[in-house]
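Novice: Here you go, this is work_26.pdb (PDB, C-alpha atoms).
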```
ATOM      1  CA  MET A  13       1.405   5.650  13.200
ATOM      2  CA  ILE A  14       2.800   8.934  11.936
ATOM      3  CA  LEU A  15      -0.419  10.096  10.261
ATOM      4  CA  ASP A  16      -3.578  10.278  12.376
ATOM      5  CA  PHE A  17      -6.973   8.943  11.283
ATOM      6  CA  ALA A  18      -8.164  12.170   9.682
ATOM      7  CA  SER A  19      -4.926  12.535   7.737
ATOM      8  CA  CYS A  20      -5.095   8.949   6.466
ATOM      9  CA  LEU A  21      -8.667   9.530   5.368
ATOM     10  CA  GLY A  22      -7.571  12.643   3.487
ATOM     11  CA  VAL A  23      -4.780  10.694   1.768
ATOM     12  CA  LEU A  24      -7.226   7.955   0.751
ATOM     13  CA  GLN A  25      -9.624  10.502  -0.696
ATOM     14  CA  LYS A  26      -6.925  12.353  -2.646
ATOM     15  CA  GLU A  27      -5.075   9.301  -3.949
ATOM     16  CA  GLY A  28      -8.223   7.565  -5.173
ATOM     17  CA  LEU A  29      -9.279  10.631  -7.122
ATOM     18  CA  ARG A  30      -5.811  10.896  -8.636
ATOM     19  CA  LEU A  31      -5.779   7.213  -9.618
ATOM     20  CA  ALA A  32      -9.109   7.638 -11.416
ATOM     21  CA  GLU A  33      -7.874  10.795 -13.153
ATOM     22  CA  VAL A  34      -4.690   9.135 -14.423
ATOM     23  CA  THR A  35      -6.286   5.903 -15.599
ATOM     24  CA  GLY A  36      -8.909   7.911 -17.450
ATOM     25  CA  GLN A  37      -6.142   9.380 -19.622
ATOM     26  CA  VAL A  38      -4.765   6.091 -20.997
ATOM     27  CA  SER A  39      -6.086   2.989 -22.713
ATOM     28  CA  LEU A  40      -7.270   0.231 -20.393
ATOM     29  CA  ASP A  41      -4.962  -2.059 -22.369
ATOM     30  CA  THR A  42      -1.859  -0.053 -21.422
ATOM     31  CA  ALA A  43       0.769  -2.195 -19.686
ATOM     32  CA  VAL A  44       1.575  -1.447 -16.021
ATOM     33  CA  PRO A  45       5.403  -1.626 -15.818
ATOM     34  CA  SER A  46       5.501  -2.172 -12.051
ATOM     35  CA  CYS A  47       3.002  -5.075 -12.248
ATOM     36  CA  PRO A  48       4.188  -7.065 -15.288
ATOM     37  CA  ASP A  49       1.110  -9.280 -15.507
ATOM     38  CA  TRP A  50      -1.316  -6.348 -15.477
ATOM     39  CA  VAL A  51      -2.713  -3.813 -17.857
ATOM     40  CA  VAL A  52      -4.531  -0.719 -16.578
ATOM     41  CA  ARG A  53      -7.867  -2.558 -16.638
ATOM     42  CA  ASP A  54      -6.497  -5.076 -14.113
ATOM     43  CA  LEU A  55      -5.151  -2.303 -11.900
ATOM     44  CA  VAL A  56      -8.486  -0.480 -11.772
ATOM     45  CA  ARG A  57     -10.406  -3.700 -11.138
ATOM     46  CA  HIS A  58      -8.067  -4.783  -8.358
ATOM     47  CA  THR A  59      -8.098  -1.474  -6.515
ATOM     48  CA  GLY A  60     -11.843  -1.062  -6.922
ATOM     49  CA  TRP A  61     -12.388  -4.583  -5.583
ATOM     50  CA  VAL A  62     -10.140  -3.903  -2.568
ATOM     51  CA  HIS A  63     -12.094  -0.746  -1.739
ATOM     52  CA  ARG A  64     -15.377  -2.652  -1.821
ATOM     53  CA  TRP A  65     -13.945  -5.586   0.154
ATOM     54  CA  ALA A  66     -12.621  -3.330   2.927
ATOM     55  CA  GLY A  67     -15.809  -1.266   2.822
ATOM     56  CA  LEU A  68     -17.879  -4.348   3.638
ATOM     57  CA  VAL A  69     -15.723  -5.205   6.635
ATOM     58  CA  ILE A  70     -15.858  -1.642   7.971
ATOM     59  CA  SER A  71     -19.483  -0.718   7.288
ATOM     60  CA  GLU A  72     -20.901  -4.016   8.591
ATOM     61  CA  GLY A  73     -18.447  -4.432  11.465
ATOM     62  CA  ARG A  74     -17.575  -7.924  10.290
ATOM     63  CA  THR A  75     -15.523 -10.114  12.584
ATOM     64  CA  GLU A  76     -14.254 -12.211   9.669
ATOM     65  CA  PRO A  77     -13.253 -11.229   6.122
ATOM     66  CA  PRO A  78     -15.669 -12.009   3.272
ATOM     67  CA  SER A  79     -15.169 -15.695   2.485
ATOM     68  CA  ASP A  80     -16.399 -15.375  -1.095
ATOM     69  CA  LEU A  81     -14.086 -13.235  -3.211
ATOM     70  CA  ARG A  82     -17.043 -12.467  -5.485
ATOM     71  CA  GLU A  83     -19.101 -10.889  -2.706
ATOM     72  CA  PRO A  84     -17.788  -7.353  -3.310
ATOM     73  CA  ILE A  85     -18.699  -7.689  -7.015
ATOM     74  CA  PRO A  86     -22.028  -9.592  -7.077
ATOM     75  CA  ALA A  87     -22.767  -8.463 -10.633
ATOM     76  CA  GLY A  88     -19.265  -9.335 -11.868
ATOM     77  CA  TRP A  89     -16.829  -6.912 -13.414
ATOM     78  CA  PRO A  90     -18.278  -3.805 -15.047
ATOM     79  CA  SER A  91     -17.912  -3.099 -18.730
ATOM     80  CA  ASP A  92     -14.904  -1.111 -19.891
ATOM     81  CA  ALA A  93     -17.189   1.841 -20.560
ATOM     82  CA  GLY A  94     -18.387   1.851 -16.959
ATOM     83  CA  LEU A  95     -15.150   0.841 -15.255
ATOM     84  CA  LEU A  96     -14.001   4.244 -14.010
ATOM     85  CA  ASP A  97     -17.447   5.145 -12.670
ATOM     86  CA  TRP A  98     -17.496   1.768 -10.908
ATOM     87  CA  PHE A  99     -14.065   2.500  -9.439
ATOM     88  CA  ARG A 100     -15.124   5.931  -8.224
ATOM     89  CA  GLU A 101     -18.221   4.462  -6.587
ATOM     90  CA  GLY A 102     -16.176   1.851  -4.689
ATOM     91  CA  HIS A 103     -13.654   4.463  -3.612
ATOM     92  CA  GLU A 104     -16.442   6.674  -2.328
ATOM     93  CA  ARG A 105     -17.946   3.720  -0.442
ATOM     94  CA  VAL A 106     -14.832   2.978   1.571
ATOM     95  CA  VAL A 107     -14.263   6.679   2.305
ATOM     96  CA  ARG A 108     -17.855   7.046   3.538
ATOM     97  CA  ALA A 109     -17.656   3.810   5.529
ATOM     98  CA  LEU A 110     -14.641   5.152   7.401
ATOM     99  CA  GLU A 111     -16.154   8.604   7.878
ATOM    100  CA  SER A 112     -19.291   7.141   9.438
ATOM    101  CA  ALA A 113     -17.579   4.431  11.507
ATOM    102  CA  PRO A 114     -17.453   5.051  15.265
ATOM    103  CA  ALA A 115     -14.050   5.671  16.819
ATOM    104  CA  ASP A 116     -14.475   2.444  18.823
ATOM    105  CA  LEU A 117     -15.340   0.346  15.745
ATOM    106  CA  ARG A 118     -14.734  -3.352  16.280
ATOM    107  CA  CYS A 119     -14.169  -5.409  13.155
ATOM    108  CA  TRP A 120     -11.718  -7.840  11.598
ATOM    109  CA  THR A 121      -8.320  -6.507  10.586
ATOM    110  CA  ILE A 122      -5.488  -8.143   8.657
ATOM    111  CA  MET A 123      -3.357  -8.014  11.809
ATOM    112  CA  ASP A 124      -4.044  -7.370  15.480
ATOM    113  CA  ALA A 125      -4.854  -3.678  15.761
ATOM    114  CA  PRO A 126      -6.146  -1.856  18.859
ATOM    115  CA  GLU A 127      -8.047   0.663  16.720
ATOM    116  CA  PRO A 128      -9.590  -1.017  13.653
ATOM    117  CA  ARG A 129     -10.939   2.236  12.203
ATOM    118  CA  ALA A 130      -7.467   3.814  12.211
ATOM    119  CA  PHE A 131      -5.943   0.594  10.883
ATOM    120  CA  TRP A 132      -8.250   0.466   7.871
ATOM    121  CA  ALA A 133      -7.885   4.166   7.079
ATOM    122  CA  ARG A 134      -4.120   3.749   7.017
ATOM    123  CA  ARG A 135      -4.104   0.487   5.065
ATOM    124  CA  GLN A 136      -6.482   1.790   2.408
ATOM    125  CA  ALA A 137      -4.573   5.085   2.161
ATOM    126  CA  HIS A 138      -1.324   3.329   1.346
ATOM    127  CA  GLU A 139      -2.887   0.609  -0.805
ATOM    128  CA  THR A 140      -4.384   3.362  -2.946
ATOM    129  CA  SER A 141      -1.221   5.496  -2.906
ATOM    130  CA  ILE A 142       0.995   2.729  -4.241
ATOM    131  CA  HIS A 143      -1.517   1.775  -6.909
ATOM    132  CA  ARG A 144      -1.691   5.445  -7.893
ATOM    133  CA  VAL A 145       2.044   5.151  -8.576
ATOM    134  CA  ASP A 146       1.326   2.065 -10.704
ATOM    135  CA  ALA A 147      -1.187   4.075 -12.710
ATOM    136  CA  GLU A 148       1.234   6.954 -13.184
ATOM    137  CA  LEU A 149       4.001   4.597 -14.272
ATOM    138  CA  ALA A 150       1.630   3.271 -16.922
ATOM    139  CA  ALA A 151       0.897   6.838 -17.999
ATOM    140  CA  GLY A 152       4.604   7.746 -17.968
ATOM    141  CA  ASN A 153       4.733  10.499 -15.350
ATOM    142  CA  VAL A 154       5.005   9.823 -11.603
ATOM    143  CA  SER A 155       4.168  12.635  -9.202
ATOM    144  CA  GLY A 156       5.622  12.951  -5.716
ATOM    145  CA  PHE A 157       4.483  12.538  -2.126
ATOM    146  CA  ASP A 158       4.197  14.764   0.894
ATOM    147  CA  PRO A 159       7.141  13.752   3.143
ATOM    148  CA  VAL A 160       4.982  12.882   6.170
ATOM    149  CA  HIS A 161       2.605  10.818   4.020
ATOM    150  CA  ALA A 162       5.586   8.968   2.563
ATOM    151  CA  ALA A 163       7.196   8.432   5.973
ATOM    152  CA  ASP A 164       3.981   6.894   7.280
ATOM    153  CA  GLY A 165       3.938   4.573   4.279
ATOM    154  CA  ILE A 166       7.513   3.481   4.975
ATOM    155  CA  ASP A 167       6.595   2.942   8.618
ATOM    156  CA  GLU A 168       3.597   0.781   7.722
ATOM    157  CA  LEU A 169       5.717  -1.290   5.358
ATOM    158  CA  LEU A 170       8.716  -1.794   7.626
ATOM    159  CA  VAL A 171       6.965  -2.180  10.982
ATOM    160  CA  TRP A 172       3.949  -4.188   9.875
ATOM    161  CA  PHE A 173       3.575  -5.238   6.235
ATOM    162  CA  ILE A 174       7.069  -6.683   5.986
ATOM    163  CA  ASP A 175       6.220  -9.833   7.963
ATOM    164  CA  ARG A 176       3.089 -10.832   6.053
ATOM    165  CA  PRO A 177       3.501 -14.470   4.930
ATOM    166  CA  GLY A 178       4.756 -14.736   1.378
ATOM    167  CA  ARG A 179       5.142 -10.991   0.897
ATOM    168  CA  GLY A 180       8.272  -9.806   2.667
ATOM    169  CA  PRO A 181      11.894 -10.295   1.612
ATOM    170  CA  THR A 182      13.837 -13.491   2.286
ATOM    171  CA  ALA A 183      17.503 -14.473   2.072
ATOM    172  CA  PRO A 184      19.596 -17.640   2.501
ATOM    173  CA  GLU A 185      21.126 -16.056   5.614
ATOM    174  CA  GLU A 186      19.959 -13.202   7.811
ATOM    175  CA  LEU A 187      20.573  -9.750   6.343
ATOM    176  CA  THR A 188      19.919  -6.326   7.829
ATOM    177  CA  LEU A 189      18.788  -3.224   5.950
ATOM    178  CA  GLY A 190      18.711   0.252   7.457
ATOM    179  CA  VAL A 191      16.424   2.938   6.040
ATOM    180  CA  HIS A 192      16.862   6.643   6.792
ATOM    181  CA  ALA A 193      14.383   9.246   5.573
ATOM    182  CA  THR A 194      16.660  12.265   5.850
ATOM    183  CA  ASP A 195      14.100  14.996   5.189
ATOM    184  CA  VAL A 196      11.897  13.915   8.125
ATOM    185  CA  ASN A 197      14.759  12.463  10.215
ATOM    186  CA  ARG A 198      13.139   9.055  10.713
ATOM    187  CA  ALA A 199      14.846   5.681  10.519
ATOM    188  CA  TRP A 200      13.978   1.998  10.502
ATOM    189  CA  THR A 201      15.861  -1.301  10.588
ATOM    190  CA  ALA A 202      14.672  -4.456   8.823
ATOM    191  CA  ARG A 203      16.030  -7.974   9.275
ATOM    192  CA  PHE A 204      15.242 -10.700   6.780
ATOM    193  CA  GLY A 205      16.452 -14.221   6.195
ATOM    194  CA  PRO A 206      15.328 -17.784   5.484
ATOM    195  CA  GLU A 207      12.515 -17.650   8.061
ATOM    196  CA  GLY A 208      10.971 -14.343   7.085
ATOM    197  CA  ALA A 209      11.362 -10.678   7.915
ATOM    198  CA  GLN A 210      10.764  -8.217  10.731
ATOM    199  CA  GLY A 211      11.250  -4.498  11.066
ATOM    200  CA  ARG A 212      11.370  -1.878  13.781
ATOM    201  CA  ARG A 213      11.655   1.849  14.190
ATOM    202  CA  GLY A 214      15.112   3.307  14.764
ATOM    203  CA  MET A 215      18.497   2.806  13.200
ATOM    204  CA  GLY A 216      20.531  -0.182  14.320
ATOM    205  CA  GLU A 217      23.575  -1.959  12.998
ATOM    206  CA  ALA A 218      22.948  -2.820   9.338
ATOM    207  CA  GLY A 219      24.818  -4.467   6.518
ATOM    208  CA  CYS A 220      23.436  -1.834   4.159
ATOM    209  CA  THR A 221      21.666   1.475   4.649
ATOM    210  CA  VAL A 222      19.614   3.292   2.038
ATOM    211  CA  SER A 223      18.868   6.947   2.679
ATOM    212  CA  GLY A 224      17.212   9.898   1.026
ATOM    213  CA  ASP A 225      13.934  11.800   0.973
ATOM    214  CA  ALA A 226      10.898   9.903   2.280
ATOM    215  CA  GLY A 227       9.046  10.548  -0.975
ATOM    216  CA  ASP A 228      11.735   8.694  -2.920
ATOM    217  CA  LEU A 229      12.218   5.870  -0.408
ATOM    218  CA  TYR A 230       8.500   5.067  -0.137
ATOM    219  CA  PRO A 231       7.838   3.902  -3.730
ATOM    220  CA  TYR A 232      11.328   2.425  -4.002
ATOM    221  CA  LEU A 233      10.869   0.137  -0.997
ATOM    222  CA  TRP A 234       7.506  -0.930  -2.414
ATOM    223  CA  SER A 235       9.421  -1.977  -5.569
ATOM    224  CA  ARG A 236       7.783   0.639  -7.770
ATOM    225  CA  THR A 237      10.587   3.028  -8.707
ATOM    226  CA  PRO A 238      14.354   2.730  -9.311
ATOM    227  CA  LEU A 239      17.081   3.712  -6.872
ATOM    228  CA  GLY A 240      17.530   7.073  -8.570
ATOM    229  CA  GLY A 241      19.158   9.605  -6.252
ATOM    230  CA  LEU A 242      18.908   7.503  -3.090
ATOM    231  CA  HIS A 243      22.214   6.956  -1.275
ATOM    232  CA  VAL A 244      23.500   3.469  -0.402
ATOM    233  CA  ASP A 245      26.089   2.736   2.292
ATOM    234  CA  GLY A 246      27.478  -0.731   2.942
ATOM    235  CA  ASP A 247      26.889  -3.868   0.923
ATOM    236  CA  PRO A 248      24.535  -3.122  -2.006
ATOM    237  CA  ALA A 249      23.839  -6.864  -2.356
ATOM    238  CA  VAL A 250      21.623  -6.575   0.742
ATOM    239  CA  LEU A 251      19.436  -4.046  -1.027
ATOM    240  CA  GLY A 252      19.491  -6.159  -4.176
ATOM    241  CA  GLN A 253      18.244  -9.175  -2.231
ATOM    242  CA  TRP A 254      15.465  -7.044  -0.739
ATOM    243  CA  ARG A 255      14.253  -6.024  -4.184
ATOM    244  CA  GLU A 256      14.635  -9.444  -5.753
ATOM    245  CA  SER A 257      12.888 -11.439  -3.050
ATOM    246  CA  SER A 258      10.063  -9.091  -2.003
ATOM    247  CA  SER A 259       6.603  -9.488  -3.490
ATOM    248  CA  PHE A 260       5.164  -6.156  -2.355
TER     249      PHE A 260
END
```
What is this file in structure tokens?
Specialist:
Amino acid sequence: MILDFASCLGVLQKEGLRLAEVTGQVSLDTAVPSCPDWVVRDLVRHTGWVHRWAGLVISEGRTEPPSDLREPIPAGWPSDAGLLDWFREGHERVVRALESAPADLRCWTIMDAPEPRAFWARRQAHETSIHRVDAELAAGNVSGFDPVHAADGIDELLVWFIDRPGRGPTAPEELTLGVHATDVNRAWTARFGPEGAQGRRGMGEAGCTVSGDAGDLYPYLWSRTPLGGLHVDGDPAVLGQWRESSSF
């Protein structure tokens, strides 16, 4: 991790408040360009559900995830009029669950993690950050990221999230993508092919390297924003395959 637990918790707090602020300024029927099947209502419901789902695991120290997807929403979805208050309540729940969790918390995590409390703070911070970008894209004005926050998000994606089944990039033959966040001088290398994807810290030999500020790379690699001012060296088809085949 690049961000520590307290920093991740601060990111989660800030990004959730921003998401609520932005979605409160547009119609719930506004399309979300980065999630073609969603309107803002779907975005708020999804993120609010995730906060409640993770909050249950953390606050109750569960050793398995909730088996019933309806458990976090026993009363069903709230009305449109109450949706943002419902979102804020769920966001507050997961923040408070993490704040009150002991440092040696033992609970289920999506992957093996030696420190579940730190894992969940980081995962929820970046889940909420990327969905904040979705909300801002719907509203038409995307704000930036602190470079260290963004670098931690790139690190989580390329070292861990990339190999989740059905989520990471694939290719007919193995390809290698290098990523260099120039403003924080951090680099990663990702390999992906017909059998999945893996990433590691550090720059290795790559068929294509994309570089630029961490705050621009972070939402781009999560397939939220265009290439913009990022710099590409090598075969751009590698980067194209990354974007086309990822389901982040």
Novice: Evaluate the PyMOL selection byres ((chain A and resi 16) around 12) and record the selected residues as a ChimeraX atom specification, following the chain and residue labels used in the document.
Specialist: /A:13-15,17-23,127,129-134,137,160-161,164
Novice: Select all residues near (1.1, 2.1, -4.3) (cut-off 10 Å, inclusive, file coordinates), counting all atoms listed in the file, and output them as an MDAnalysis selection string.
Specialist: chainID A and resid 27 46 137:147 165 230:231 234:236 260
Novice: With distances taken over all atoms listed in the file, which of A:Gly216, A:Pro238, A:Gly246, A:Pro84 is nearest to Val154 in chain A?
Specialist: A:Pro238
Novice: Could you state the separation of CA of Val244 in chain A and CA of Ala151 in chain A in Å, given to one decimal place?
Specialist: 28.8 Å
Novice: For range 110-123 of chain A, work out the shell of residues within 8 Å, counting only C-alpha atoms and skipping chain neighbours fewer than 2 positions away, then give it as JSON, numbers by chain.
Specialist: {"A": [21, 67, 69, 70, 71, 73, 74, 75, 76, 77, 106, 107, 108, 125, 127, 128, 129, 131, 132, 133]}
Novice: Quick one: pull the distance between CA of Asp54 in chain A and CA of Thr237 in chain A, Å, one decimal.
Specialist: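 We find that CA of Asp54 in chain A and CA of Thr237 in chain A lie 19.7 Å from each other.
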Novice: For range 18-35 of chain A, what centre and edge lengths in Å (one decimal) does the axis-aligned box get once 6 Å is added on each side of all its listed atoms, as AutoDock Vina command-line options?
Specialist:
```
--center_x -7.2 --center_y 9.3 --center_z -3.0 --size_x 16.9 --size_y 18.7 --size_z 37.3
```
